[in-house]
Structure formats: structure tokens, C-alpha cells
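K.L.:
Dropping a structure here in C-alpha cells format, bear with me for questions.
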Amino acid sequence: MSTPPAINQSIGKPINRVDGVDKVTGKAKYAAEFNVPDLAYGVVVSSAIAKGKISLLDASDALALDGVLAVFTHENRPKLAWFDISYKDQDAPPGSPFRPLHNATINYSGQPIALVVAETFELARYAATLIRVEYKEEAHETNLETNLHQARKPKSGIASLLKPPPPKPRGDFEKAYAEAPATMNGRYIHAAEHHNPMELFATTVSYEKGGKLTIYDKTQGVTNSILYVTQVFNIPFKDVRVLSPYMGGGFGAGLRPQYQLFMAVMAARELKRSVRVSLTRQQMFTFGHRPATVQNVALGALPDGTMNALYHDAVGETSQFEDYTEVVVNWGGMLYPTENVKLDYKVVPLDVYSPLDMRAPGGVTGMSALEEAMDELAYSVGMDPLELRLKNYTDIDHSQKLPYSSKELKECFRQGAERFGWSSRTMEPCSMKKDHNLIGWGMATGIWEANQMPARAEAVLMVNGKLRVSSATADIGTGTYTIMTQIAADTLGLPISDVLFKLGDTDLPIAPISGGSWTAATIGSAVQAACQEVGKTLLKLAKKMPDSPFKGAKWDDITFSDKHMRLKSDPSVALSLQTLVDQNGGKAVRETTGALPNMLKQKNYTRSTHSAVFVEVMVDEELGTVKVTRAVTAVAGGRILNPKTARSQILGGMVWGISKALEEESVLDHKFGRFMNHSLAEYHMAVNADIHDLDVIFVEEHDDIVNPLGVKGLGEIGIVGMPAAIANAVFHATGRRVRDLPITLDKLL
Ligand code: MOS
């Protein structure tokens, strides 16, 4: 038995993005860039109050302008679906989804209250300023911290399957904490954050013959958009097609249908004309956001560092109409073998729009608090923070009493610490001063889930011997096009230049929203399965050939490499894919299939990605400015399909971690109940000047439980441990324990 030559093996190689050239040359089109004939432009009018009723909405001045086509409001909108269920999307939390232009009620500041449609964008924008609105205002509540007494358990729903509530307590936290010789407790307050992808939220609806709609939408799931549109407007499925070939950043902002989708479809149907609606940057602050949270953590340890008491509660804000939830507090019980654990999670409904998943939703929130708390416990015990993690290491998820399907976190600690030089750290805060700069080293652990969802894919070996593979998934900037091309190419032994992968189109086989770090595992498994089906058909064709060298060969006996099907036992016995497809009567070989998670295999394991993060900060003693001079993240994320796109994912997460720890904050003016810094000038986020030396390590991790490919997903793990590691480094530098994020300089002066 000799192994076949792996000439075309592309998995594991740092190949460039297959869509890279299209992106940098502008050939890649985004939702607002598709030009369709006779396009009209819609501009949204936003509510100026946070709560109350519209008492007057006068559009006469706008409508008097030549070229203004219509003004849609709650008073003249078309009849729409009645029941909440029709407005529920794949990421809808329990509650009643927001319905644009539903009635005169204002639920939050910035709520869309009218759509002005005109012949040009400029005219629509001008006309929108002429809409006269009067309100009957009511008192609003937007302050989480002054409304903590309203905290209650969130309603449960389908979403709770993916976002389970905290498990029941284990052991006796109160007793263990009271008796623990070393303890800490702290309150952690995080500001709300808004998704700020480069691409504005936009939808272009092309109105076609017979009222058919082709919709170019900024979404992380075309399937999600088409379900929403067909249900809300009661349009047959066959009359709608949603496309989203590229996305200028997702981060969770496209996990739910954005309200401009509703607006553009409504206007197009009413006017029987193509319509584009793009939100302004300011209006993007009137959609989802990462909720503000208040958390409490209390930890207790024995003198040898064994953590025997863990308490973590969190309260997050939600809207008055939906209970947005995320997994904030469950991680500690999974990560640490602590015997006495008590966890709690609640929400406070406020007069804001529903919060929405944002990169590592809940995970980065909870782990930021918990891993800062761990650092504090390390100082309370008098133990190196890394030593404390190792002392409390486990291969078992004690919250479910299940082993991890794989967990190379220890190796992350080892390799990360070595690369960073952690061993030369001095324990004492303020002990690493350099001139007028305080140097600090901090570390933290990251954890995220490794999920797989059901999805379908099609693979077509065309008559020219090239492979076309497709699934209605999204590439939210992560590299989906590239890694799917690699998986398809390797499965059938083709060079990646012979493979074309298509996505973001509801005409393609169904796929879930692209989020939760599950796309590589989910679509990858479907792509592999579809290509294997093509391979099986090719084997059948091979067997039918006269004097076939594959007579009697079974699927397990063959392999594909260098554009050939080969016998594993003798790779020189081979037929080219071109020869094989030629046997198909002049037709392409086409197979569509689905991939389901193997629940039987998975149910006995907890499946997670892990990371170890090491950070150096430099704090200016006089100015209080913090600079992250160096950071190393070591990731255990299963099989790495493409080290280049994988590294980019982790780098992006690390950058956002710096941003979250030091800069990002959506500031509410509670007097108006409005997010005030709603522009890229005032919503601070990390830019090039904030980013210095970032280093990514992927430790080897084999896992055949998660899925046949052994991939775990990398979209979110990069951010999870960063903020805590930075906060811990700031403490080490300054002796100041800042528990409220972001750590702006006023908190250090
Ligand atoms: Mo991610 S927040 O699941 O797009």
C-alpha cells in the first residue's frame, strides 16, 4: 500500500483569498453597488424621541417636490403579515420582533418612522428633512445601571437551544467562599457597542416582470432574508431571489434582517419599481448592538491555588419587545473544575432597540470579567496568573460532566508563554517601569463553542473537467470562498484553479446564517459531502468502462489526486476526471446533498475552541494613555484549513479586543435616550496607529468528534481573551484594577 501523491493538497496551505483580486479591483459588488435600470432611492426618517407616539406626520412638503415618488409611513403602509411568527428570523430571540412602520408607537430613539422615495438619492435625502413630525412623548428608561432592580429571567425560546441558560449550581458556593482563605469579588460594567462594518447597511431591490424581486442585501444569510421577505409580505418563494455575494464586514450585524430590507421591498412592491435603501452611518446605530452589561464575580481559592468557589452573575439590557440573551456566565463552570459554582443571568428591558449578537456574543463579555477576576485571585493567593490557570486545569467540562472532544489549551499556555517570554515577568505591579512608561504583562484564557449546523451544497463536475461547488452561505470577510474552494479541490484531487465556489444566492442549496464561528464546519462538511457524492458517481462511471481497472473497487479503496481517481493500493492505477466525466453522455456530473452534525457522536462531548492570550501594555504615567505594545494569542481551534485566512481571523479578533478593552463605547445620553457618538469620528475604535506587534500561534489539535474535517471555527475565539489580558496587563503596569470597559485614560489618572 503506497499513499497516493498529494500533489494538489491545498488544505493547510496559506493560499491567498480566491476572491482577493475581485475585492481589491472593485469587481466585487456590495449590496448598494448593484446597478439596475430605473432605480428609485429611499431614505429613512428616524424618530427623534425614545418613547411615545407620533401625533402628526406631515409629508406634504416632501411630496410637493418634483421627483419625490412616495412617502411611506405607518398610516399608508401596505397590509402585512399579522402574526409575530412571520417576522421571526433565524436569529430572533423570544418576544415580538420589531415591525417597521407598524403603528404610531415609538419604542426607541432612532426608530424608522418613514421612508421617502425619490428619483435620486439627493432628492430623497433632502425631502426627508421636510417631513414634519410631532410626538406625544412618554418617559423613557435607557439606563441599565439605575434599572438593575428590574432584572428578571429572560423568556426562553428556540434561541435557548444555542444559548442555554446557566446550569444549576453545583456544590455550595456560599459555604466554600466564606471558608476560602483567598478570595476576591468585583463588579464589572461594560458599555454597549455598535457593529461598525465598513459597508453600510443597504438593500437594492430589482423589480422585475410579473412583480418578481431580485434582492441584493447586506446579510450574513440570504436564506434568512428570503424567509423574512416572503413571510412578512406574503410573496411566493419562487418570486423572490436574494443575493449577497460579498459582505463588507458582518460581525453579527447581518444575522437579523436589517430594516432597510423591509423598507426597500415594501417600496419596490408598492411603486412597482426598483428601489435602493441604504442606511446612514448614524442610522446604523439604530439597529442592533452589543448590550451593556453589569456583572459580579466572586472567587475563592485554597492556599495552593485550587479554586473552590466561583460565582458569576450578569445582567444585560434588552428591548421592551424582545428578550435578547447571550451566554455570559456559563464559561467559568466549563473552563474550571471548581467544585462550588453558582451562576446567574438576567435581563433588564429598556427603551432601546433589541441588542444583537456581536463577535463572540456573551463570550467576550463574560470572559472579560471572569479572567480579570482570575488575575485578581492570583494576586490574592500570591501565585503567578498562568500558574493559577494550570493549577485549575481540566480536560472535563464539569458543568455538563462531559469530556472535551479535544482541548489543547495547555499547549496554548506553553507555546504562548514561551513566545511571549512570560517566565521573566515580575509579579509585583509597577515593577517593570521604563522611563515615564509603566510596563505591564497580563494574560487570560479564551473559550468559544465549536458548533456545526445542518446545511446543503451542490457539486458539479462540468464537461470540461472543472468543478463548480455552491451553497447559499455567506463570506462575511472570513474567507469562506477560499476555504470551501480548498475543501472541494482536495476532496476530488483538483488544483484550486479548477474549482469555482459560489455562495450568497437563494437559488443555491440552503444554508444557515453565517455566524457563531460555525461556517467552516457547517458548509465545509456539506461541500465535502457533495464532492464525495460526485466522486461516488465517478466511481460508478469508471466501473462501467470496458476493462475498467476499478472493477470491484469500493469507495474506500479509491482516492483522488492530481486530477485523477486512483486506487489507494496502487496509485498508478488511475483515470482522469476528464475521462470519467466524458463517460456521462455529454452531461456534467451533478450532486446535491446535505451534511448534518453527527449528534450521536457529539452528544458525549463538549466541543470548544480555546486560546491563551499574553499582552504587554505601556501606560504613560502622566497621561494615562495605554498602548498594547505586544500581544501573543495561541489558539487551539482544531484543524487549520488555511493558515493565512485563519491568522487574519485571529488578528481581527485581537484588534477588536484592543478596541473593546480601550476604546469602544456607545454613549447613551439618558436625557434623550439616544446613542450620541453615532459616527466614526466619535465612536472610537482601534485604528492602525493603535496596533503594534501581534502574534498568532495555532497549536496542533486533532478532533474527529466535531466533524469529519476536524475544524472548529475561528471567527470569534480571537477576541474572547484579549480584553481581560489587557486589563490584567494594565493592573500589572499601574496597580490599578479597572473593571469597567473600555479602560479610557480618565479611569487611570
Ligand atoms: Mo457572529 S456575532 O455569530 O456574526
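How things are named: the first chain in the C-alpha cells is A, the next is B, and so on; residues count from 1 in each chain; ligands count from 1 in the order shown.
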Which residues in stretch 87-166 of chain A does DSSP call strand (DSSP E)? List them as a list in words.

P.N.:
Thr105, Ile106, Pro112, Ile113, Ala114, Leu115, Val116, Val117, Ala118, Arg132, Val133, Glu134, Tyr135, Lys136 and Glu137 of chain A

K.L.:
For stretch 123-135 of chain A, find every residue with an atom within 10 Å (counting only C-alpha atoms), except residues of its own chain fewer than 4 positions away, and show them as a short mmCIF file (atom, residue, chain, number, x, y, z; two decimals) with N, CA, C and O atoms, in the first residue's frame.

P.N.:
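What follows is the written file result.cif:
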```cif
data_model
loop_
_atom_site.label_atom_id
_atom_site.label_comp_id
_atom_site.auth_asym_id
_atom_site.auth_seq_id
_atom_site.Cartn_x
_atom_site.Cartn_y
_atom_site.Cartn_z
N ALA A 40 -35.09 53.77 -8.08
CA ALA A 40 -35.50 54.86 -7.20
C ALA A 40 -34.77 54.69 -5.87
O ALA A 40 -34.30 53.60 -5.55
N TYR A 41 -34.70 55.78 -5.10
CA TYR A 41 -33.89 55.77 -3.89
C TYR A 41 -34.74 56.10 -2.67
O TYR A 41 -35.51 57.06 -2.68
N GLY A 42 -34.59 55.29 -1.65
CA GLY A 42 -35.34 55.52 -0.42
C GLY A 42 -34.43 56.02 0.68
O GLY A 42 -33.30 55.54 0.82
N VAL A 43 -34.91 56.99 1.45
CA VAL A 43 -34.18 57.48 2.62
C VAL A 43 -35.09 57.36 3.84
O VAL A 43 -36.26 57.75 3.79
N VAL A 44 -34.53 56.83 4.90
CA VAL A 44 -35.30 56.57 6.11
C VAL A 44 -35.33 57.82 6.99
O VAL A 44 -34.33 58.51 7.14
N VAL A 45 -36.51 58.11 7.55
CA VAL A 45 -36.65 59.16 8.55
C VAL A 45 -36.69 58.48 9.92
O VAL A 45 -37.40 57.49 10.09
N SER A 46 -35.90 59.00 10.85
CA SER A 46 -35.75 58.34 12.15
C SER A 46 -36.44 59.14 13.25
O SER A 46 -36.47 60.38 13.23
N SER A 47 -36.94 58.43 14.24
CA SER A 47 -37.62 59.08 15.36
C SER A 47 -36.66 59.92 16.18
O SER A 47 -35.54 59.51 16.46
N ALA A 48 -37.14 61.09 16.59
CA ALA A 48 -36.31 61.99 17.39
C ALA A 48 -36.52 61.76 18.88
O ALA A 48 -35.81 62.33 19.71
N ILE A 49 -37.51 60.94 19.22
CA ILE A 49 -37.74 60.66 20.65
C ILE A 49 -37.55 59.17 20.91
O ILE A 49 -37.54 58.36 19.99
N LYS A 51 -39.46 57.37 23.28
CA LYS A 51 -40.68 56.66 23.66
C LYS A 51 -41.89 57.59 23.55
O LYS A 51 -41.81 58.76 23.92
N GLY A 52 -42.98 57.05 23.04
CA GLY A 52 -44.19 57.84 22.93
C GLY A 52 -44.97 57.47 21.68
O GLY A 52 -44.92 56.33 21.23
N LYS A 53 -45.67 58.49 21.16
CA LYS A 53 -46.49 58.23 19.97
C LYS A 53 -46.30 59.35 18.95
O LYS A 53 -46.07 60.51 19.32
N ILE A 54 -46.40 59.00 17.70
CA ILE A 54 -46.41 60.02 16.66
C ILE A 54 -47.81 60.62 16.65
O ILE A 54 -48.79 59.89 16.47
N SER A 55 -47.91 61.93 16.88
CA SER A 55 -49.24 62.54 16.86
C SER A 55 -49.53 63.18 15.51
O SER A 55 -50.68 63.35 15.12
N LEU A 56 -48.47 63.53 14.80
CA LEU A 56 -48.66 64.10 13.47
C LEU A 56 -47.46 63.78 12.60
O LEU A 56 -46.32 63.91 13.03
N LEU A 57 -47.74 63.33 11.39
CA LEU A 57 -46.64 63.10 10.45
C LEU A 57 -47.08 63.71 9.13
O LEU A 57 -47.95 63.17 8.44
N ASP A 58 -46.52 64.89 8.82
CA ASP A 58 -46.96 65.63 7.65
C ASP A 58 -45.89 65.58 6.56
O ASP A 58 -44.80 66.13 6.70
N ALA A 59 -46.22 64.88 5.47
CA ALA A 59 -45.25 64.69 4.39
C ALA A 59 -45.55 65.60 3.19
O ALA A 59 -44.93 65.47 2.14
N SER A 60 -46.47 66.54 3.36
CA SER A 60 -46.94 67.30 2.19
C SER A 60 -45.82 68.10 1.51
O SER A 60 -45.75 68.15 0.28
N ASP A 61 -44.94 68.71 2.31
CA ASP A 61 -43.84 69.49 1.70
C ASP A 61 -42.91 68.59 0.89
O ASP A 61 -42.43 68.98 -0.19
N ALA A 62 -42.67 67.41 1.41
CA ALA A 62 -41.80 66.47 0.70
C ALA A 62 -42.47 66.01 -0.59
O ALA A 62 -41.86 66.00 -1.66
N LEU A 63 -43.74 65.66 -0.49
CA LEU A 63 -44.47 65.13 -1.65
C LEU A 63 -44.67 66.19 -2.73
O LEU A 63 -44.85 65.86 -3.90
N ALA A 64 -44.61 67.46 -2.34
CA ALA A 64 -44.81 68.54 -3.31
C ALA A 64 -43.60 68.69 -4.25
O ALA A 64 -43.70 69.31 -5.29
N LEU A 65 -42.48 68.11 -3.86
CA LEU A 65 -41.28 68.25 -4.68
C LEU A 65 -41.38 67.37 -5.92
O LEU A 65 -41.78 66.20 -5.84
N ASP A 66 -40.98 67.94 -7.04
CA ASP A 66 -40.97 67.20 -8.28
C ASP A 66 -39.91 66.10 -8.19
O ASP A 66 -38.74 66.39 -7.92
N GLY A 67 -40.32 64.88 -8.39
CA GLY A 67 -39.35 63.78 -8.33
C GLY A 67 -39.46 62.95 -7.07
O GLY A 67 -38.87 61.88 -6.99
N VAL A 68 -40.23 63.44 -6.10
CA VAL A 68 -40.49 62.61 -4.92
C VAL A 68 -41.64 61.67 -5.28
O VAL A 68 -42.70 62.10 -5.72
N LEU A 69 -41.40 60.39 -5.13
CA LEU A 69 -42.37 59.39 -5.60
C LEU A 69 -43.37 58.98 -4.54
O LEU A 69 -44.53 58.74 -4.84
N ALA A 70 -42.93 58.89 -3.32
CA ALA A 70 -43.84 58.46 -2.25
C ALA A 70 -43.19 58.67 -0.90
O ALA A 70 -41.96 58.75 -0.79
N VAL A 71 -44.03 58.79 0.10
CA VAL A 71 -43.56 58.77 1.48
C VAL A 71 -44.38 57.71 2.20
O VAL A 71 -45.60 57.80 2.28
N ALA A 104 -48.21 54.00 15.37
CA ALA A 104 -47.68 55.31 15.78
C ALA A 104 -46.76 55.22 17.00
O ALA A 104 -46.16 56.21 17.41
N THR A 105 -46.61 54.02 17.54
CA THR A 105 -45.84 53.88 18.78
C THR A 105 -44.34 53.95 18.52
O THR A 105 -43.81 53.31 17.60
N ILE A 106 -43.67 54.73 19.35
CA ILE A 106 -42.20 54.83 19.28
C ILE A 106 -41.63 54.00 20.42
O ILE A 106 -41.95 54.21 21.59
N ILE A 113 -39.42 55.82 11.07
CA ILE A 113 -40.84 56.18 11.09
C ILE A 113 -41.39 56.52 9.71
O ILE A 113 -42.59 56.65 9.53
N ALA A 114 -40.51 56.71 8.74
CA ALA A 114 -40.99 56.97 7.38
C ALA A 114 -39.90 56.63 6.38
O ALA A 114 -38.71 56.62 6.73
N LEU A 115 -40.33 56.34 5.16
CA LEU A 115 -39.38 56.14 4.07
C LEU A 115 -39.77 57.08 2.94
O LEU A 115 -40.89 57.03 2.45
N VAL A 116 -38.84 57.94 2.57
CA VAL A 116 -39.08 58.86 1.47
C VAL A 116 -38.41 58.28 0.23
O VAL A 116 -37.21 57.97 0.25
N VAL A 117 -39.18 58.13 -0.84
CA VAL A 117 -38.62 57.56 -2.06
C VAL A 117 -38.68 58.60 -3.18
O VAL A 117 -39.71 59.26 -3.38
N ALA A 118 -37.54 58.77 -3.85
CA ALA A 118 -37.46 59.79 -4.90
C ALA A 118 -36.62 59.29 -6.07
O ALA A 118 -36.00 58.23 -6.00
N GLU A 119 -36.60 60.10 -7.13
CA GLU A 119 -35.88 59.73 -8.34
C GLU A 119 -34.37 59.69 -8.12
O GLU A 119 -33.66 58.96 -8.80
#
```

K.L.:
With a cut-off of 12 Å, could you pull out the residues of chain A touching ligand 1 and give me the nearest pair of atoms for each, distance in Å to one decimal, using only C-alpha atoms and all ligand atoms, ordered by chain and ascending number, as JSON lines?

P.N.:
```
{"residue": "A:Gln90", "atom": "CA", "partner": "ligand 1", "partner_atom_place_in_ligand_line": "3 (O)", "distance": 11.7}
{"residue": "A:Asp91", "atom": "CA", "partner": "ligand 1", "partner_atom_place_in_ligand_line": "3 (O)", "distance": 9.4}
{"residue": "A:Leu162", "atom": "CA", "partner": "ligand 1", "partner_atom_place_in_ligand_line": "3 (O)", "distance": 11.1}
{"residue": "A:Lys163", "atom": "CA", "partner": "ligand 1", "partner_atom_place_in_ligand_line": "3 (O)", "distance": 11.7}
{"residue": "A:His194", "atom": "CA", "partner": "ligand 1", "partner_atom_place_in_ligand_line": "2 (S)", "distance": 11.6}
{"residue": "A:His195", "atom": "CA", "partner": "ligand 1", "partner_atom_place_in_ligand_line": "2 (S)", "distance": 9.5}
{"residue": "A:Pro197", "atom": "CA", "partner": "ligand 1", "partner_atom_place_in_ligand_line": "4 (O)", "distance": 11.4}
{"residue": "A:Thr219", "atom": "CA", "partner": "ligand 1", "partner_atom_place_in_ligand_line": "4 (O)", "distance": 10.1}
{"residue": "A:Gln220", "atom": "CA", "partner": "ligand 1", "partner_atom_place_in_ligand_line": "4 (O)", "distance": 7.3}
{"residue": "A:Gly221", "atom": "CA", "partner": "ligand 1", "partner_atom_place_in_ligand_line": "4 (O)", "distance": 10.2}
{"residue": "A:Met247", "atom": "CA", "partner": "ligand 1", "partner_atom_place_in_ligand_line": "4 (O)", "distance": 11.7}
{"residue": "A:Gly249", "atom": "CA", "partner": "ligand 1", "partner_atom_place_in_ligand_line": "4 (O)", "distance": 9.2}
{"residue": "A:Gly250", "atom": "CA", "partner": "ligand 1", "partner_atom_place_in_ligand_line": "4 (O)", "distance": 5.8}
{"residue": "A:Phe251", "atom": "CA", "partner": "ligand 1", "partner_atom_place_in_ligand_line": "4 (O)", "distance": 4.3}
{"residue": "A:Gly252", "atom": "CA", "partner": "ligand 1", "partner_atom_place_in_ligand_line": "4 (O)", "distance": 3.3}
{"residue": "A:Ala253", "atom": "CA", "partner": "ligand 1", "partner_atom_place_in_ligand_line": "4 (O)", "distance": 6.8}
{"residue": "A:Gly254", "atom": "CA", "partner": "ligand 1", "partner_atom_place_in_ligand_line": "4 (O)", "distance": 7.1}
{"residue": "A:Leu255", "atom": "CA", "partner": "ligand 1", "partner_atom_place_in_ligand_line": "4 (O)", "distance": 6.3}
{"residue": "A:Arg256", "atom": "CA", "partner": "ligand 1", "partner_atom_place_in_ligand_line": "4 (O)", "distance": 9.9}
{"residue": "A:Gly288", "atom": "CA", "partner": "ligand 1", "partner_atom_place_in_ligand_line": "2 (S)", "distance": 11.0}
{"residue": "A:His289", "atom": "CA", "partner": "ligand 1", "partner_atom_place_in_ligand_line": "2 (S)", "distance": 10.3}
{"residue": "A:Arg290", "atom": "CA", "partner": "ligand 1", "partner_atom_place_in_ligand_line": "2 (S)", "distance": 9.3}
{"residue": "A:Glu326", "atom": "CA", "partner": "ligand 1", "partner_atom_place_in_ligand_line": "2 (S)", "distance": 10.4}
{"residue": "A:Pro355", "atom": "CA", "partner": "ligand 1", "partner_atom_place_in_ligand_line": "2 (S)", "distance": 11.3}
{"residue": "A:Leu356", "atom": "CA", "partner": "ligand 1", "partner_atom_place_in_ligand_line": "2 (S)", "distance": 7.8}
{"residue": "A:Asp357", "atom": "CA", "partner": "ligand 1", "partner_atom_place_in_ligand_line": "2 (S)", "distance": 4.4}
{"residue": "A:Met358", "atom": "CA", "partner": "ligand 1", "partner_atom_place_in_ligand_line": "2 (S)", "distance": 3.8}
{"residue": "A:Arg359", "atom": "CA", "partner": "ligand 1", "partner_atom_place_in_ligand_line": "2 (S)", "distance": 3.8}
{"residue": "A:Ala360", "atom": "CA", "partner": "ligand 1", "partner_atom_place_in_ligand_line": "2 (S)", "distance": 5.6}
{"residue": "A:Pro361", "atom": "CA", "partner": "ligand 1", "partner_atom_place_in_ligand_line": "2 (S)", "distance": 5.7}
{"residue": "A:Gly362", "atom": "CA", "partner": "ligand 1", "partner_atom_place_in_ligand_line": "2 (S)", "distance": 9.5}
{"residue": "A:Gly363", "atom": "CA", "partner": "ligand 1", "partner_atom_place_in_ligand_line": "2 (S)", "distance": 10.2}
{"residue": "A:Val364", "atom": "CA", "partner": "ligand 1", "partner_atom_place_in_ligand_line": "2 (S)", "distance": 10.7}
{"residue": "A:Trp448", "atom": "CA", "partner": "ligand 1", "partner_atom_place_in_ligand_line": "3 (O)", "distance": 11.1}
{"residue": "A:Glu449", "atom": "CA", "partner": "ligand 1", "partner_atom_place_in_ligand_line": "3 (O)", "distance": 10.8}
{"residue": "A:Ala450", "atom": "CA", "partner": "ligand 1", "partner_atom_place_in_ligand_line": "3 (O)", "distance": 11.7}
{"residue": "A:Asn451", "atom": "CA", "partner": "ligand 1", "partner_atom_place_in_ligand_line": "3 (O)", "distance": 11.0}
{"residue": "A:Ala474", "atom": "CA", "partner": "ligand 1", "partner_atom_place_in_ligand_line": "4 (O)", "distance": 10.6}
{"residue": "A:Asp475", "atom": "CA", "partner": "ligand 1", "partner_atom_place_in_ligand_line": "4 (O)", "distance": 10.8}
{"residue": "A:Ile476", "atom": "CA", "partner": "ligand 1", "partner_atom_place_in_ligand_line": "4 (O)", "distance": 8.1}
{"residue": "A:Gly477", "atom": "CA", "partner": "ligand 1", "partner_atom_place_in_ligand_line": "4 (O)", "distance": 10.6}
{"residue": "A:Thr478", "atom": "CA", "partner": "ligand 1", "partner_atom_place_in_ligand_line": "4 (O)", "distance": 10.3}
{"residue": "A:Pro512", "atom": "CA", "partner": "ligand 1", "partner_atom_place_in_ligand_line": "3 (O)", "distance": 11.3}
{"residue": "A:Ile513", "atom": "CA", "partner": "ligand 1", "partner_atom_place_in_ligand_line": "4 (O)", "distance": 8.4}
{"residue": "A:Ser514", "atom": "CA", "partner": "ligand 1", "partner_atom_place_in_ligand_line": "4 (O)", "distance": 6.5}
{"residue": "A:Gly515", "atom": "CA", "partner": "ligand 1", "partner_atom_place_in_ligand_line": "3 (O)", "distance": 3.2}
{"residue": "A:Gly516", "atom": "CA", "partner": "ligand 1", "partner_atom_place_in_ligand_line": "3 (O)", "distance": 3.5}
{"residue": "A:Ser517", "atom": "CA", "partner": "ligand 1", "partner_atom_place_in_ligand_line": "3 (O)", "distance": 6.2}
{"residue": "A:Trp518", "atom": "CA", "partner": "ligand 1", "partner_atom_place_in_ligand_line": "3 (O)", "distance": 8.2}
{"residue": "A:Thr519", "atom": "CA", "partner": "ligand 1", "partner_atom_place_in_ligand_line": "3 (O)", "distance": 9.6}
{"residue": "A:Gly653", "atom": "CA", "partner": "ligand 1", "partner_atom_place_in_ligand_line": "1 (Mo)", "distance": 11.4}
{"residue": "A:Gly713", "atom": "CA", "partner": "ligand 1", "partner_atom_place_in_ligand_line": "3 (O)", "distance": 10.9}
{"residue": "A:Leu714", "atom": "CA", "partner": "ligand 1", "partner_atom_place_in_ligand_line": "1 (Mo)", "distance": 10.6}
{"residue": "A:Gly715", "atom": "CA", "partner": "ligand 1", "partner_atom_place_in_ligand_line": "1 (Mo)", "distance": 7.3}
{"residue": "A:Glu716", "atom": "CA", "partner": "ligand 1", "partner_atom_place_in_ligand_line": "1 (Mo)", "distance": 7.1}
{"residue": "A:Ile717", "atom": "CA", "partner": "ligand 1", "partner_atom_place_in_ligand_line": "1 (Mo)", "distance": 10.8}
{"residue": "A:Ile719", "atom": "CA", "partner": "ligand 1", "partner_atom_place_in_ligand_line": "2 (S)", "distance": 11.2}
{"residue": "A:Val720", "atom": "CA", "partner": "ligand 1", "partner_atom_place_in_ligand_line": "2 (S)", "distance": 11.9}
```

K.L.:
Tell me, in Å to one decimal, how far atom CA of A:Ser405 is from atom CA of A:Pro597.

P.N.:
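Value for the atom CA of A:Ser405-atom CA of A:Pro597 distance: 14.0 Å.
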
K.L.:
Of the candidates A:Gly721, A:Gly710, A:Pro93, A:Gly524, which one gets nearest to A:Thr325 if we count only C-alpha atoms?

P.N.:
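Checking each candidate against A:Thr325, we get A:Pro93 as the closest.
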
K.L.:
Which polymer residues have any atom within 9 Å of an atom of A:Asp19, counting only C-alpha atoms, with same-chain residues fewer than 5 positions away left out, as a ChimeraX atom specification?

P.N.:
/A:24,28,479,481-482

K.L.:
Quick one: pick out all helix (DSSP H, G or I) residues within stretch 330-366 of chain A from a backbone DSSP run and write them as an MDAnalysis selection string.

P.N.:
chainID A and resid 331:335 363:366

K.L.:
Compile the contact shell of A:Val573 as number ranges by chain: residues with an atom at most 10 Å away, counting only C-alpha atoms, same-chain residues fewer than 6 positions apart removed.

P.N.:
A: 549-550, 558, 564-567

K.L.:
With only C-alpha atoms as the counted atoms, please give the residues lying no more than 12 Å from stretch 147-156 of chain A, apart from itself and same-chain residues fewer than 2 positions off, as JSON, numbers by chain.

P.N.:
{"A": [92, 93, 94, 95, 96, 140, 141, 142, 143, 144, 145, 158, 159, 160, 161, 162, 163, 164, 165, 166, 292, 293, 294, 295, 313, 314, 315, 316, 317, 318, 319, 320, 321, 322, 323, 324, 325, 326, 327, 344, 345, 346, 347, 348, 349, 350, 351]}

K.L.:
Name the residues in contact with stretch 693-698 of chain A at a cut-off of 10 Å, using only C-alpha atoms, excluding same-chain residues fewer than 5 positions from it; report them as a PyMOL selection string.

P.N.:
chain A and resi 411-412+415-416+419-420+611-616+628-640+643+646-648+650-651+654-655+718

K.L.:
Can you tell me which residues surround stretch 676-682 of chain A at a distance of at most 10 Å, considering only C-alpha atoms, apart from same-chain residues fewer than 4 positions away, and format the answer as an MDAnalysis selection string?

P.N.:
chainID A and resid 194 196 280:286 664:670 672

K.L.:
So how many Å separate atom CA of A:Leu508 and atom CA of A:Phe34, to one decimal?

P.N.:
19.5 Å

K.L.:
Taking only C-alpha atoms into account, which of A:Glu193, A:Glu174, A:Glu179, A:Glu701 comes nearest A:Phe675?

P.N.:
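Counting only C-alpha atoms, the residue closest to A:Phe675 is A:Glu193.
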
K.L.:
With only C-alpha atoms as the atoms that count, which of A:Gly333, A:Asn76, A:Leu467, A:Ala729 lies nearest to A:Ser431?

P.N.:
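Distance minimum relative to A:Ser431 lands on A:Ala729.
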
K.L.:
Ranking A:Gly673, A:Gly382, A:Pro169, A:Gly657 by minimum distance to A:Gln400 and counting only C-alpha atoms, which one comes first?

P.N.:
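Looking only at the distances to A:Gln400, the closest residue turns out to be A:Pro169.
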
K.L.:
Restricting the calculation to only C-alpha atoms: of A:Ile523, A:Val265, A:Ala32, A:Leu343, which residue gets closest to A:Asn296?

P.N.:
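Smallest distance to A:Asn296 is found for A:Leu343.
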